[in-house]
Structures are given as structure tokens and as C-alpha cells.
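What follows is a short report on a single structure.
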Amino acid sequence: GKEQRGVLHGGGSPFLAPRLGGCSWRRRRRLAARPLHAAPPLRKRLRGSSAAPEATGGDRGGGGGPASPPGGCASAGRRASRWWRRRRRLLLVSCPRGGSRGRGGTNMLTRVKCAVANFMGGIMAGNASAEPGNGGVDLPLRFPYGRPEFLGLSAEEVGCSADHIARPILILNKENRRLPWTTGYAEVINAGKSTHNEDQASCEVLTVKRKPGGSNSTPNKNSSVKRRSSLPNGEGLQLKENSESDGITLHYWSLFDGHAGSGAAVVASKLLQHRIVEQLQEIADILKNSAVPPPTCLGEEPEGMNANSRTLTRAASLRGNTGAPGSPGTPPTRFFTEKKISHECLIIGAIETAFREMDLQIERERTVYHISGGCTALIVVCLLGKLYVANAGDSRAIIIRNGEVIPMSSEFTPETERQRLQYLAYMQPHLLGNEFTHLEFPRRVQRKEIGKRMLYRDFNMTGWAYKTIEEDDLKFPLIYGEGKKARVMATIGVTRGLGDHDLKVHDSNIYIKPFLSSSPEVRVYDLLQYEHGPDDVLILATDGLWDVLLNEEVAEAITNFLSNYDPADPHRYTLAAQDLVMRARGVLKDRGWRISNDRLGSGDDISVYVIPLIHGNKLS
């Protein structure tokens, strides 16, 4: 039936989608039993097949499972057969009987397939990253699994949303649910790649206040108060007091795309915004004095120094003294100049530090809680009239303004970060475990090609050159594959994010975390610089959307959709997000999920924000 074909062809499971679809049950039985075989040594296994990366996981890897081992002997086949018969009996007993074979229901065979998919997915996710006493299943969860809190779903509704066959799209309740700025949101679960929807999201309005117990010595505080209180009726002083008591308002949106489990994504969705606020609290007073540059050292100037004396001191310091040449008490000559640091750079630094602190917190707490896998992170912070878009991973953000596409993020994959990864491996070759080479070749090197000259690329090259093949070049390359199939150490397809501290190359003791970075790229967009219309929006989405739709396709779809709705309708942005998810998911047909022009739809989790920028006009 169509339900069966949707599971077999629509998902990203390495067992269901690429391998099991369209082959016999006997073949499926052998393939499904392979993870339980004793794996051969890593080097032989990786050399044995050029398709190793495709066999290690879903879209990104990271949970990975084993690469395809070579065919086993007759005894291994008999063991696999016995294992399959026992497993099938258990599944048949656990599944409820009945059900229609028509389009309206799922039959027993479909249920068995779904159960096997979930079971095998659990094995794969567990093998790559779990270690006894290191975030294992015996430890309690840091936070229970669920969908974003702002959706307001009950436990029963969360369970119903995890239908890998129907794949219902979740949106905000029109009657009683509304996000800040009338933001639109929609999501859909994958087509069988993992049991849960591993995407997570959060959206909040926070207040940044001075950190309790912080220093009262605010740079230029007196001069700022004097300048504001000089306004008629003391209006400036009143504004200063209100700003101190109310703090600085911060709008926050985030998307986290998990892999090898949803644990890290759930934790980051609950805590990252608080790490950002903590970092901003340190500089709250500095951010309020936007007319005064941030000081190099906090509290380095006397409280009574006014702006004029400060200017004189700086000018005199360039001459090397504060008085006339040769005058008594002349301070030592300064042979350096100070860089001018903007408030914008302080906010960027606070966000970058918060990402690092979040990653370190996950590393610490994984010994106490079960925090599975890792996640990419894409966040937006609106502060003091500017949008700060921070991305670590392969999610994407774009602004659509007057139909024009403005990219607000870059994807970090093994291909885009090839030179950084190769340079790290070149400088610290022990990280490769004597199993990988940091050099890149157009294809796998064969032993018969030793002594020949082949194209290669090193960390210092963007082009290609020829080198003589040596014995070490036979090792598996650090980065293998291209496009969405590119993997680091044949395991993971993203190079930045949070978590993954226990991730290792399968059947080895080689950790992959040293090659992964938690540092985000932060881009800034000044909302006050433009006058935005009701159709100007910021789109945030996980890679499930961008794998099948181009930036231009998304911009065209959003522009056409919003033009048909009343600009005064606040629900239009939620419906626009739903429309994007539907376009990327597609419709279930005979050959799986299909989108326009009969292209293959996305079988991954998809989460989308549509944030209207017209609210930025009010910030001025």
C-alpha cells in the first residue's frame, strides 16, 4: 500500500530508505541483521567499500551505525536468520491485530516495518555515542522529550504528531497561541529516520538587567547622567532611572536540529537563552550608554572624570604625556594605540561566549544526566534595534525584503570547513588514530596506484595538484563524499554545533569531537536602517527545508502566499510557515513523498519560523 511505500522510500533511515525499499524480505532480513555481526577491523571495513559514509547514518550521521560489513559466512547467516525469526515473533505479539489494508488504515505488515525501523534506529543511535557511565541510558534525562512549549501540546497530541506515515504538520493554535511579533511557526516529523522529531525550537521575550552584586562603577555613568539630566524638566534623568529598573528587552528565537538522539537539542532549547542573558548582564550598563564607546578596562577611570578631561587625556597620551614636554610628573610614554570596540562587537562576543558555555555545560552534565547526541543551533536575538543571527551547523536564515533574498547565515559542513579540519589534522595527527589521512583525493586510493601521481588537495589549497601516492595515502580520508553525503571520519555530516562529546568512529576509540566546533557565525542586520513592509520577513529553517528548496523558491513562495492574505491578519505568518513545510514535505505518492516537478520531497524533520520585520519599525 501507499503507507508502506511512504515508509520505505520517504525516510532518511539507512536501512529503510536506501537499502530495504524495493528488495525482497530475505534481502531485508540479512541487511537488518548486519549490525549485530562482529565488525571487521576499522581500516579493512572502511577500505572495503566506497559507500561507507552513506551507510553510517541518516542525513547527517552522528548517530551513525556501522558501515556495511562484507558478507558473512554460512554460520553468520544462520545466526541472523534465527535472530530475525525471534525478533519478528516479538514484534507480531506486541503489535495490535486488525487494521485495514486499504488507504484508510495501516496493515500488520506496515506496523511490523515501522517497529523494525524504530528498533534498528535505536540500535544505530546507541552504538555510536553511548558509553557506560557517560551519558548512558541508566542516567536520568536532563529534560523530558517534548515538542516546543509554545505549541501547547498535550502528551497525547505529542504522540499523535509522531506519525511517520501521515506526517501531520503542527502549527500554532489560532485562538489562544501567539508568538512575539506575530511570528509564524510550523513543523513536521521525519518519514522514519528516527523515532522522535529531533528538531527543537524556543521563542521568548527576556529582560537583561544588571547582574546582582555587579560593580557599581559604571564607565562614564556620571557624565551620562549629567548629559541626560540637562534636558528640560529632567526628562533624561527619568528615562535613565526607568531603563535601569526595567532593563533591556531582548527577543529570542531558536532552532536546534538534533542527531543521534534529541537530548542535546532539548537541553539547548531550554538553557541557551539563559546563557546569553547571563553574558549580556555583564555589559548591561555599557550597552545602555550607547553614545560612549566601551572602556578597555572596567573601572579604569576615576568617577569624577568628565568627557572633556577624558578627551584631553587621550589626545595627550598620543604625545606621550599629559603636560608640556619635560614638565615634572610626566607619565611614561605610551607606545600603543587602543582599538575602538563597538557595542555591536560586545553583543556578538556575548553570544559566542554563551554558545561555548552551553557546550561546556552539556559536557559536564553528561556524566550526571543522559544527554544523547548533539545538535546544530540557529538563533536570532533582537537587541537595541538590531538582529543578531548566530548559526552553528547547517540550518539557514534568510531575509526576504521587497522580494530580494538576503542571506543571514552560512552552512558549516565537511566541505565548507575542509581547510580548517585538514589543518587541525595536520597539526595534531594523533587525532586521526592512524586510521585516516588528512589529504583529500578525488576518489579512494587503491594499492595498485602506489607510485603513481594522483590529484590531491591539502589544507593550504583551494585548487588541486598532483602528488606521488604513498602507503599512508591508502588510509581512509578525513573528509569523504560530497554534498549531503560528505562525512567527517565517515560518521557525521556537520562540523559545528553543540554536544557530541561521546561521539566516536564506529568500532574504534577515535573521538570526533576535537574536529567539531561550537563557535557560531554571527551576522548583524540593522532593523532601524530600513522601512519594512508587511511582506518583509526573516525565515529560519532546519536543513529539512533547504535540502529540497532553494532560497529563490522560498522567497517566491512566501511573496506569493503573503500577497493573497490580509496584511492585518496576524495568523498569515503561521499559514505561510505551514505552506513552506508542505512544499518541502510534499505529498505521499506511489514512489514516496514528492514535491513540485515530481522531485523527491524531504524525509527529514522540518521546522520553520516566519518572522515579520515590520515590527522592527516600531523599535525606532
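Lettering and numbering for the C-alpha cells are positional, with chains as A, B, ... in the shown order, residues counted from 1 in each chain, and ligands counted from 1 in the shown order.
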Selection near A:Asn617, 7 Å with only C-alpha atoms, sequence-local residues under 2 positions removed, as an mmCIF file with N, CA, C and O atoms, in the first residue's frame:
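Result file result-v3.cif:
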```
data_model
loop_
_atom_site.group_PDB
_atom_site.id
_atom_site.type_symbol
_atom_site.label_atom_id
_atom_site.label_comp_id
_atom_site.auth_asym_id
_atom_site.auth_seq_id
_atom_site.Cartn_x
_atom_site.Cartn_y
_atom_site.Cartn_z
ATOM 1 N N LEU A 528 16.645 49.363 12.069
ATOM 2 C CA LEU A 528 16.312 50.778 12.000
ATOM 3 C C LEU A 528 16.791 51.429 10.711
ATOM 4 O O LEU A 528 16.445 52.572 10.426
ATOM 5 N N GLU A 531 12.830 50.754 6.169
ATOM 6 C CA GLU A 531 11.400 50.796 6.454
ATOM 7 C C GLU A 531 10.790 49.521 5.876
ATOM 8 O O GLU A 531 10.735 49.342 4.651
ATOM 9 N N HIS A 532 10.350 48.625 6.728
ATOM 10 C CA HIS A 532 9.882 47.313 6.282
ATOM 11 C C HIS A 532 8.383 47.304 6.071
ATOM 12 O O HIS A 532 7.634 47.959 6.802
ATOM 13 N N ILE A 614 8.240 43.958 10.027
ATOM 14 C CA ILE A 614 7.551 45.230 10.155
ATOM 15 C C ILE A 614 7.549 45.717 11.604
ATOM 16 O O ILE A 614 7.469 46.917 11.877
ATOM 17 N N HIS A 615 7.668 44.778 12.540
ATOM 18 C CA HIS A 615 7.720 45.161 13.948
ATOM 19 C C HIS A 615 9.016 45.894 14.279
ATOM 20 O O HIS A 615 9.099 46.577 15.298
ATOM 21 N N LEU A 619 10.572 49.806 16.728
ATOM 22 C CA LEU A 619 11.687 49.938 17.662
ATOM 23 C C LEU A 619 12.303 51.327 17.624
ATOM 24 O O LEU A 619 12.965 51.737 18.569
ATOM 25 N N SER A 620 12.113 52.033 16.523
ATOM 26 C CA SER A 620 12.699 53.365 16.426
ATOM 27 C C SER A 620 11.927 54.386 17.257
ATOM 28 O O SER A 620 12.403 55.464 17.489
#
```
Contact residues around A:Leu387 with only C-alpha atoms at 12 Å, ignoring same-chain residues under 3 positions, as a tab-separated table (two decimals) with N, CA, C and O atoms, in the first residue's frame:
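Okay, around.tsv is ready:
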```
chain	number	residue	atom	x	y	z
A	250	LEU	N	14.91	41.88	25.24
A	250	LEU	CA	15.58	41.00	24.27
A	250	LEU	C	14.55	40.02	23.71
A	250	LEU	O	13.86	39.34	24.47
A	251	HIS	N	14.43	39.96	22.38
A	251	HIS	CA	13.58	38.97	21.73
A	251	HIS	C	14.47	37.83	21.22
A	251	HIS	O	15.54	38.09	20.67
A	252	TYR	N	13.97	36.62	21.38
A	252	TYR	CA	14.82	35.45	21.13
A	252	TYR	C	14.04	34.39	20.37
A	252	TYR	O	12.91	34.03	20.75
A	253	TRP	N	14.61	33.91	19.27
A	253	TRP	CA	14.07	32.77	18.51
A	253	TRP	C	15.21	31.77	18.32
A	253	TRP	O	16.37	32.15	18.14
A	344	GLU	N	28.17	46.73	19.29
A	344	GLU	CA	27.77	45.58	18.48
A	344	GLU	C	28.72	44.41	18.67
A	344	GLU	O	28.30	43.25	18.79
A	347	ILE	N	28.08	42.57	21.94
A	347	ILE	CA	26.93	41.66	21.90
A	347	ILE	C	27.30	40.38	21.15
A	347	ILE	O	26.94	39.28	21.56
A	348	ILE	N	28.03	40.53	20.06
A	348	ILE	CA	28.48	39.34	19.32
A	348	ILE	C	29.34	38.46	20.21
A	348	ILE	O	29.19	37.23	20.24
A	379	ILE	N	20.07	30.70	16.04
A	379	ILE	CA	19.31	31.57	16.92
A	379	ILE	C	19.27	32.99	16.35
A	379	ILE	O	20.14	33.37	15.56
A	380	VAL	N	18.26	33.74	16.78
A	380	VAL	CA	18.15	35.16	16.45
A	380	VAL	C	17.89	35.92	17.74
A	380	VAL	O	17.00	35.56	18.51
A	381	VAL	N	18.67	36.95	17.97
A	381	VAL	CA	18.49	37.84	19.12
A	381	VAL	C	18.22	39.24	18.59
A	381	VAL	O	19.01	39.77	17.79
A	382	CYS	N	17.11	39.83	19.00
A	382	CYS	CA	16.81	41.21	18.65
A	382	CYS	C	17.09	42.07	19.87
A	382	CYS	O	16.44	41.92	20.92
A	383	LEU	N	18.07	42.96	19.74
A	383	LEU	CA	18.51	43.76	20.87
A	383	LEU	C	18.90	45.14	20.38
A	383	LEU	O	19.69	45.28	19.44
A	384	LEU	N	18.33	46.17	20.99
A	384	LEU	CA	18.66	47.56	20.69
A	384	LEU	C	18.55	47.88	19.20
A	384	LEU	O	19.41	48.54	18.61
A	390	ALA	N	22.89	34.03	14.77
A	390	ALA	CA	24.04	33.17	15.07
A	390	ALA	C	23.74	31.76	14.61
A	390	ALA	O	22.70	31.19	14.96
A	397	ALA	N	19.22	30.86	7.59
A	397	ALA	CA	18.36	32.02	7.80
A	397	ALA	C	18.51	32.95	6.61
A	397	ALA	O	19.63	33.21	6.16
A	399	ILE	N	16.65	36.71	4.85
A	399	ILE	CA	15.69	37.81	4.92
A	399	ILE	C	15.13	38.03	3.53
A	399	ILE	O	15.88	38.05	2.54
A	408	MET	N	21.51	35.36	5.67
A	408	MET	CA	21.91	35.77	7.02
A	408	MET	C	22.69	34.68	7.75
A	408	MET	O	22.90	34.77	8.96
A	522	VAL	N	28.13	34.88	13.49
A	522	VAL	CA	27.10	35.86	13.86
A	522	VAL	C	27.06	36.96	12.80
A	522	VAL	O	28.08	37.59	12.51
A	523	ARG	N	25.87	37.17	12.24
A	523	ARG	CA	25.65	38.26	11.30
A	523	ARG	C	24.64	39.24	11.89
A	523	ARG	O	23.74	38.82	12.62
A	524	VAL	N	24.81	40.51	11.53
A	524	VAL	CA	24.00	41.57	12.14
A	524	VAL	C	23.18	42.26	11.06
A	524	VAL	O	23.68	42.53	9.96
A	525	TYR	N	21.93	42.54	11.39
A	525	TYR	CA	21.03	43.26	10.49
A	525	TYR	C	20.40	44.41	11.26
A	525	TYR	O	19.77	44.20	12.30
A	526	ASP	N	20.59	45.63	10.77
A	526	ASP	CA	20.08	46.83	11.44
A	526	ASP	C	18.64	47.07	11.02
A	526	ASP	O	18.36	47.46	9.88
A	527	LEU	N	17.71	46.82	11.93
A	527	LEU	CA	16.29	47.00	11.62
A	527	LEU	C	15.94	48.47	11.41
A	527	LEU	O	15.00	48.78	10.66
A	528	LEU	N	16.65	49.36	12.07
A	528	LEU	CA	16.31	50.78	12.00
A	528	LEU	C	16.79	51.43	10.71
A	528	LEU	O	16.45	52.57	10.43
A	529	GLN	N	17.56	50.70	9.92
A	529	GLN	CA	18.12	51.27	8.71
A	529	GLN	C	17.13	51.23	7.55
A	529	GLN	O	17.30	51.93	6.55
A	538	LEU	N	11.84	37.43	7.98
A	538	LEU	CA	13.06	36.64	8.23
A	538	LEU	C	12.64	35.18	8.33
A	538	LEU	O	11.76	34.83	9.13
A	611	ILE	N	9.27	35.26	10.53
A	611	ILE	CA	9.29	36.38	11.48
A	611	ILE	C	9.07	37.68	10.70
A	611	ILE	O	9.93	38.07	9.89
A	613	LEU	N	9.25	41.48	9.78
A	613	LEU	CA	10.19	42.53	10.16
A	613	LEU	C	9.52	43.88	10.33
A	613	LEU	O	10.18	44.84	10.73
A	615	HIS	N	7.67	44.78	12.54
A	615	HIS	CA	7.72	45.16	13.95
A	615	HIS	C	9.02	45.89	14.28
A	615	HIS	O	9.10	46.58	15.30
A	616	GLY	N	10.03	45.74	13.43
A	616	GLY	CA	11.25	46.49	13.65
A	616	GLY	C	11.07	47.98	13.48
A	616	GLY	O	11.84	48.77	14.04
A	619	LEU	N	10.57	49.81	16.73
A	619	LEU	CA	11.69	49.94	17.66
A	619	LEU	C	12.30	51.33	17.62
A	619	LEU	O	12.96	51.74	18.57
```
Tell me which protein, DNA and RNA residues are within 12 Å of A:Glu357, counting only C-alpha atoms, leaving out same-chain ones fewer than 5 positions away, and put them as a PyMOL selection string.
chain A and resi 268+271-276+278-279+350-352+362-364+498-499+518-519
When distances are computed from only C-alpha atoms, which of A:Ala186, A:Val494, A:Met427, A:Val158 shows the smallest separation from A:Leu170?
A:Ala186
Could you pull the residues within 10 Å of A:Gln578, counting only C-alpha atoms, minus those fewer than 3 positions along the same chain, as a list in words?
Ile169, Leu170, Ile171, Leu172, Gly184, Tyr185, Ala186, Glu187, Val188, Arg572, Tyr573, Thr574, Leu575, Val581, Met582, Arg583, Ser607, Val608, Tyr609 and Val610 of chain A
Residues at most 8 Å from stretch 410-418 of chain A, counting only C-alpha atoms, excluding those fewer than 4 positions away in the same chain, as a count of residues only?
19
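If only C-alpha atoms are the atoms counted, then among A:Gly385, A:Pro534, A:Pro570, A:Gly349 the closest residue to A:Pro612 is A:Pro534.
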Check the DSSP output for the backbone and give back, as a ChimeraX atom specification, the residues of stretch 458-612 of chain A in strand (DSSP E or B).
/A:465-468,476-477,479-480,487-488,492,496,498-499,504,511,517,521-526,537-541,587-589,592-594,600,606-612
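Reported to one decimal place, the separation of atom CA of A:Arg457 from atom CA of A:Phe441 is 6.6 Å.
Residues with any atom within 7 Å of A:Lys452, counting only C-alpha atoms and excluding same-chain neighbours fewer than 2 positions away, are Glu449, Ile450, Met454, Thr468 and Ile469 of chain A.
Minimum atom-to-atom distances from A:Pro293, A:Met461, A:Leu287, A:Asn190 to A:Ile248 were compared using only C-alpha atoms, and the lowest value belongs to A:Leu287.
Residues within 9 Å of A:Pro514, counting only C-alpha atoms and excluding same-chain residues fewer than 2 positions away, are Leu424, Leu431, His501, Tyr511, Ile512, Leu516 and Ser517 of chain A.
Closest approach to A:Glu282 among A:Thr353, A:Thr367, A:Ser262, A:Ser154: A:Thr353, based on only C-alpha atoms.
Computed from the coordinates, the atom CA of A:Pro477 to atom CA of A:Gly451 distance equals 18.3 Å.
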From the options A:Lys339, A:Arg147, A:Arg594, A:Arg366, which residue's atoms come nearest to A:Glu198, counting only C-alpha atoms?
A:Arg147
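Nearest to A:Lys209 of all the residues A:Asp543, A:Gln281, A:Ser269, A:Leu139 is A:Gln281, counting only C-alpha atoms.
With atom CA of A:Arg444 on one side and atom CA of A:Ala260 on the other, the separation reads 27.1 Å.
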